[in-house]
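A.B. asks: After the structure tokens below, expect a handful of questions from me.
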Amino acid sequence: MGDIEITYIRWSVLPRTVGQWSCEGSRFGNRLLRIGPYELEYDRSGSRVRAIGPMRIFYDRLGSRPIRVQLHDEGQPLSDGLLLALFLVLFWQKQSWEAAQRSRS
């Protein structure tokens, strides 16, 4: 992505590294738990990322589309790293949902 290299875990869609950041996946390799310094928090079903580090993600009524993000400290500027993490996490989440829908069809 640009000049940032992303490497993936063998036989997985989860990243191993994003640039200089290392990533951590769940024990069974189905969820990303950390991207660099940012821990990910999921909803009860485990399908939607609700927070990335200090940032909360809000979804539409159906829960399928992110509609707003909010930093815990709204006075702080959004860093480039956190913006990159947000983009990548939402992109990977969308890919996962689309793959699940294709497998059901």
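Just remember, in the structure tokens the first chain shown is A, the second B, etc., residues are 1-based per chain, and ligands are 1-based in the order shown.
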Contacts of range 11-17 of chain A at 9 Å or less, counting only C-alpha atoms, minus same-chain residues fewer than 2 places along, as a PyMOL selection string?

C.D. replies: chain A and resi 5-9+19-25+29-32+35-36+92+96

A.B. asks: Those residues you just picked out, can you put them in a file as a tab-separated table (two decimals), in the first residue's frame with N, CA and C atoms?

C.D. replies:
```
chain	number	residue	atom	x	y	z
A	5	GLU	N	4.85	-1.93	3.00
A	5	GLU	CA	4.73	-3.33	2.63
A	5	GLU	C	3.87	-4.07	3.65
A	6	ILE	N	2.97	-4.90	3.15
A	6	ILE	CA	2.13	-5.73	4.02
A	6	ILE	C	2.49	-7.18	3.72
A	7	THR	N	2.86	-7.93	4.75
A	7	THR	CA	3.11	-9.36	4.59
A	7	THR	C	2.00	-10.12	5.31
A	8	TYR	N	1.70	-11.30	4.80
A	8	TYR	CA	0.59	-12.08	5.34
A	8	TYR	C	1.08	-13.39	5.94
A	9	ILE	N	0.32	-13.89	6.89
A	9	ILE	CA	0.58	-15.19	7.49
A	9	ILE	C	0.30	-16.24	6.41
A	19	GLY	N	4.16	-2.54	7.24
A	19	GLY	CA	5.32	-1.67	7.38
A	19	GLY	C	6.20	-2.19	8.51
A	20	GLN	N	6.52	-1.32	9.46
A	20	GLN	CA	7.35	-1.69	10.61
A	20	GLN	C	6.54	-2.33	11.74
A	21	TRP	N	5.23	-2.29	11.65
A	21	TRP	CA	4.37	-2.84	12.70
A	21	TRP	C	4.23	-4.34	12.56
A	22	SER	N	4.22	-5.03	13.68
A	22	SER	CA	3.85	-6.44	13.65
A	22	SER	C	2.35	-6.52	14.01
A	23	CYS	N	1.73	-7.59	13.56
A	23	CYS	CA	0.31	-7.79	13.82
A	23	CYS	C	0.13	-9.09	14.59
A	24	GLU	N	-0.95	-9.15	15.33
A	24	GLU	CA	-1.25	-10.34	16.13
A	24	GLU	C	-2.65	-10.83	15.78
A	25	GLY	N	-2.75	-12.12	15.49
A	25	GLY	CA	-4.04	-12.72	15.19
A	25	GLY	C	-4.51	-13.58	16.33
A	29	GLY	N	-6.57	-18.03	14.20
A	29	GLY	CA	-6.24	-17.34	12.97
A	29	GLY	C	-7.41	-16.74	12.21
A	30	ASN	N	-8.53	-16.51	12.90
A	30	ASN	CA	-9.69	-15.97	12.20
A	30	ASN	C	-9.98	-14.50	12.51
A	31	ARG	N	-9.21	-13.91	13.45
A	31	ARG	CA	-9.43	-12.51	13.80
A	31	ARG	C	-8.12	-11.82	14.06
A	32	LEU	N	-8.05	-10.58	13.66
A	32	LEU	CA	-6.89	-9.74	13.94
A	32	LEU	C	-7.09	-9.12	15.33
A	35	ILE	N	-2.86	-4.48	15.57
A	35	ILE	CA	-2.10	-4.01	14.43
A	35	ILE	C	-1.16	-2.93	14.96
A	36	GLY	N	0.12	-3.25	14.98
A	36	GLY	CA	1.10	-2.34	15.55
A	36	GLY	C	0.78	-2.06	17.01
A	92	TRP	N	-10.18	-5.09	5.50
A	92	TRP	CA	-10.10	-6.54	5.74
A	92	TRP	C	-11.43	-7.08	6.26
A	96	SER	N	-13.75	-9.96	4.45
A	96	SER	CA	-14.17	-11.14	5.19
A	96	SER	C	-15.68	-11.34	5.06
```

A.B. asks: Extract, using only C-alpha atoms, all DNA, RNA and protein residues at most 12 Å from range 44-46 of chain A, discarding same-chain residues fewer than 3 positions from it, and format them as a list of chain:residue names.

C.D. replies: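 Residues near the query, excluding close chain neighbours: A:Ser26, A:Asn30, A:Arg31, A:Leu32, A:Leu33, A:Leu40, A:Glu41, A:Val49, A:Arg50, A:Gly63, A:Gln93.
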
A.B. asks: Which is closest to Gln70 in chain A among A:Val18, A:Ala51, A:Leu88, A:Ala100, if we use only C-alpha atoms?

C.D. replies: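 Comparing A:Val18, A:Ala51, A:Leu88, A:Ala100 against Gln70 in chain A, the winner is A:Ala51.
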
A.B. asks: Residues of chain A in strand (DSSP E) according to DSSP, as number ranges by chain?

C.D. replies: A: 6-8, 15-18, 21-25, 32-35, 38-42, 49-52, 55-59, 66-71

A.B. asks: Which is closer to Leu90 in chain A than all the others in A:Arg104, A:Asp60, A:Leu78, A:Ile52, using only C-alpha atoms?

C.D. replies: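 Of all the options, A:Ile52 lies closest to Leu90 in chain A.
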
A.B. asks: Apply DSSP to the structure's backbone, then extract all residues of chain A labelled helix (DSSP H, G or I) and return them as a PDB file with N, CA and C atoms, in the first residue's frame.

C.D. replies:
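Written file, part.pdb:
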```pdb
ATOM      1  N   ASP A  80      -1.547   9.713  11.397  1.00  0.00           N
ATOM      2  CA  ASP A  80      -1.490   8.974  10.131  1.00  0.00           C
ATOM      3  C   ASP A  80      -1.519   7.473  10.386  1.00  0.00           C
ATOM      4  N   GLY A  81      -0.834   7.026  11.448  1.00  0.00           N
ATOM      5  CA  GLY A  81      -0.809   5.603  11.768  1.00  0.00           C
ATOM      6  C   GLY A  81      -2.177   5.063  12.135  1.00  0.00           C
ATOM      7  N   LEU A  82      -2.913   5.815  12.929  1.00  0.00           N
ATOM      8  CA  LEU A  82      -4.257   5.374  13.326  1.00  0.00           C
ATOM      9  C   LEU A  82      -5.206   5.403  12.134  1.00  0.00           C
ATOM     10  N   LEU A  83      -5.057   6.370  11.267  1.00  0.00           N
ATOM     11  CA  LEU A  83      -5.876   6.432  10.058  1.00  0.00           C
ATOM     12  C   LEU A  83      -5.575   5.236   9.155  1.00  0.00           C
ATOM     13  N   LEU A  84      -4.302   4.887   9.014  1.00  0.00           N
ATOM     14  CA  LEU A  84      -3.932   3.713   8.221  1.00  0.00           C
ATOM     15  C   LEU A  84      -4.525   2.450   8.840  1.00  0.00           C
ATOM     16  N   ALA A  85      -4.417   2.300  10.152  1.00  0.00           N
ATOM     17  CA  ALA A  85      -4.979   1.128  10.835  1.00  0.00           C
ATOM     18  C   ALA A  85      -6.486   1.051  10.612  1.00  0.00           C
ATOM     19  N   LEU A  86      -7.187   2.177  10.709  1.00  0.00           N
ATOM     20  CA  LEU A  86      -8.636   2.207  10.480  1.00  0.00           C
ATOM     21  C   LEU A  86      -8.969   1.731   9.074  1.00  0.00           C
ATOM     22  N   PHE A  87      -8.295   2.281   8.091  1.00  0.00           N
ATOM     23  CA  PHE A  87      -8.555   1.902   6.702  1.00  0.00           C
ATOM     24  C   PHE A  87      -8.341   0.407   6.499  1.00  0.00           C
ATOM     25  N   LEU A  88      -7.196  -0.103   6.952  1.00  0.00           N
ATOM     26  CA  LEU A  88      -6.883  -1.508   6.732  1.00  0.00           C
ATOM     27  C   LEU A  88      -7.854  -2.433   7.456  1.00  0.00           C
ATOM     28  N   VAL A  89      -8.173  -2.127   8.691  1.00  0.00           N
ATOM     29  CA  VAL A  89      -9.088  -2.977   9.458  1.00  0.00           C
ATOM     30  C   VAL A  89     -10.469  -3.017   8.806  1.00  0.00           C
ATOM     31  N   LEU A  90     -10.987  -1.867   8.390  1.00  0.00           N
ATOM     32  CA  LEU A  90     -12.306  -1.858   7.745  1.00  0.00           C
ATOM     33  C   LEU A  90     -12.266  -2.553   6.391  1.00  0.00           C
ATOM     34  N   PHE A  91     -11.163  -2.404   5.663  1.00  0.00           N
ATOM     35  CA  PHE A  91     -11.013  -3.082   4.375  1.00  0.00           C
ATOM     36  C   PHE A  91     -10.996  -4.600   4.558  1.00  0.00           C
ATOM     37  N   TRP A  92     -10.179  -5.087   5.502  1.00  0.00           N
ATOM     38  CA  TRP A  92     -10.104  -6.536   5.741  1.00  0.00           C
ATOM     39  C   TRP A  92     -11.425  -7.075   6.259  1.00  0.00           C
ATOM     40  N   GLN A  93     -12.121  -6.295   7.088  1.00  0.00           N
ATOM     41  CA  GLN A  93     -13.424  -6.719   7.609  1.00  0.00           C
ATOM     42  C   GLN A  93     -14.418  -6.865   6.466  1.00  0.00           C
ATOM     43  N   LYS A  94     -14.431  -5.901   5.558  1.00  0.00           N
ATOM     44  CA  LYS A  94     -15.347  -5.953   4.413  1.00  0.00           C
ATOM     45  C   LYS A  94     -15.034  -7.159   3.527  1.00  0.00           C
ATOM     46  N   GLN A  95     -13.777  -7.422   3.284  1.00  0.00           N
ATOM     47  CA  GLN A  95     -13.393  -8.592   2.491  1.00  0.00           C
ATOM     48  C   GLN A  95     -13.881  -9.881   3.152  1.00  0.00           C
ATOM     49  N   SER A  96     -13.745  -9.959   4.450  1.00  0.00           N
ATOM     50  CA  SER A  96     -14.173 -11.144   5.185  1.00  0.00           C
ATOM     51  C   SER A  96     -15.680 -11.343   5.065  1.00  0.00           C
ATOM     52  N   TRP A  97     -16.445 -10.261   5.222  1.00  0.00           N
ATOM     53  CA  TRP A  97     -17.900 -10.350   5.105  1.00  0.00           C
ATOM     54  C   TRP A  97     -18.307 -10.785   3.700  1.00  0.00           C
ATOM     55  N   GLU A  98     -17.665 -10.217   2.687  1.00  0.00           N
ATOM     56  CA  GLU A  98     -18.001 -10.566   1.298  1.00  0.00           C
ATOM     57  C   GLU A  98     -17.678 -12.022   1.009  1.00  0.00           C
ATOM     58  N   ALA A  99     -16.557 -12.508   1.523  1.00  0.00           N
ATOM     59  CA  ALA A  99     -16.195 -13.920   1.327  1.00  0.00           C
ATOM     60  C   ALA A  99     -17.206 -14.820   2.011  1.00  0.00           C
ATOM     61  N   ALA A 100     -17.672 -14.450   3.186  1.00  0.00           N
ATOM     62  CA  ALA A 100     -18.673 -15.249   3.901  1.00  0.00           C
ATOM     63  C   ALA A 100     -19.982 -15.286   3.125  1.00  0.00           C
ATOM     64  N   GLN A 101     -20.375 -14.174   2.531  1.00  0.00           N
ATOM     65  CA  GLN A 101     -21.611 -14.135   1.741  1.00  0.00           C
ATOM     66  C   GLN A 101     -21.482 -14.997   0.494  1.00  0.00           C
ATOM     67  N   ARG A 102     -20.321 -14.960  -0.166  1.00  0.00           N
ATOM     68  CA  ARG A 102     -20.109 -15.791  -1.357  1.00  0.00           C
ATOM     69  C   ARG A 102     -20.158 -17.282  -1.011  1.00  0.00           C
ATOM     70  N   SER A 103     -19.623 -17.640   0.144  1.00  0.00           N
ATOM     71  CA  SER A 103     -19.606 -19.063   0.506  1.00  0.00           C
ATOM     72  C   SER A 103     -21.012 -19.568   0.856  1.00  0.00           C
ATOM     73  N   ARG A 104     -21.891 -18.671   1.279  1.00  0.00           N
ATOM     74  CA  ARG A 104     -23.276 -19.068   1.593  1.00  0.00           C
ATOM     75  C   ARG A 104     -24.112 -19.233   0.331  1.00  0.00           C
TER      76      ARG A 104
END
```

A.B. asks: What separation in Å, quoted to one decimal, exists between CA of Asp73 in chain A and CA of Met55 in chain A?

C.D. replies: 8.8 Å

A.B. asks: For CA of Arg65 in chain A and CA of Arg10 in chain A, quote the distance in Å rounded to one decimal.

C.D. replies: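 Distance between the two atoms: 29.0 Å.
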
A.B. asks: Given only C-alpha atoms as the basis, pick out the residue of A:Pro37, A:Gly53, A:Asp43, A:Arg48 nearest to Pro66 in chain A.

C.D. replies: A:Arg48

A.B. asks: Please report the interatomic distance between CA of Leu71 in chain A and CA of Glu39 in chain A in Å with one decimal.

C.D. replies: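 Straight-line distance from CA of Leu71 in chain A to CA of Glu39 in chain A works out to 14.0 Å.
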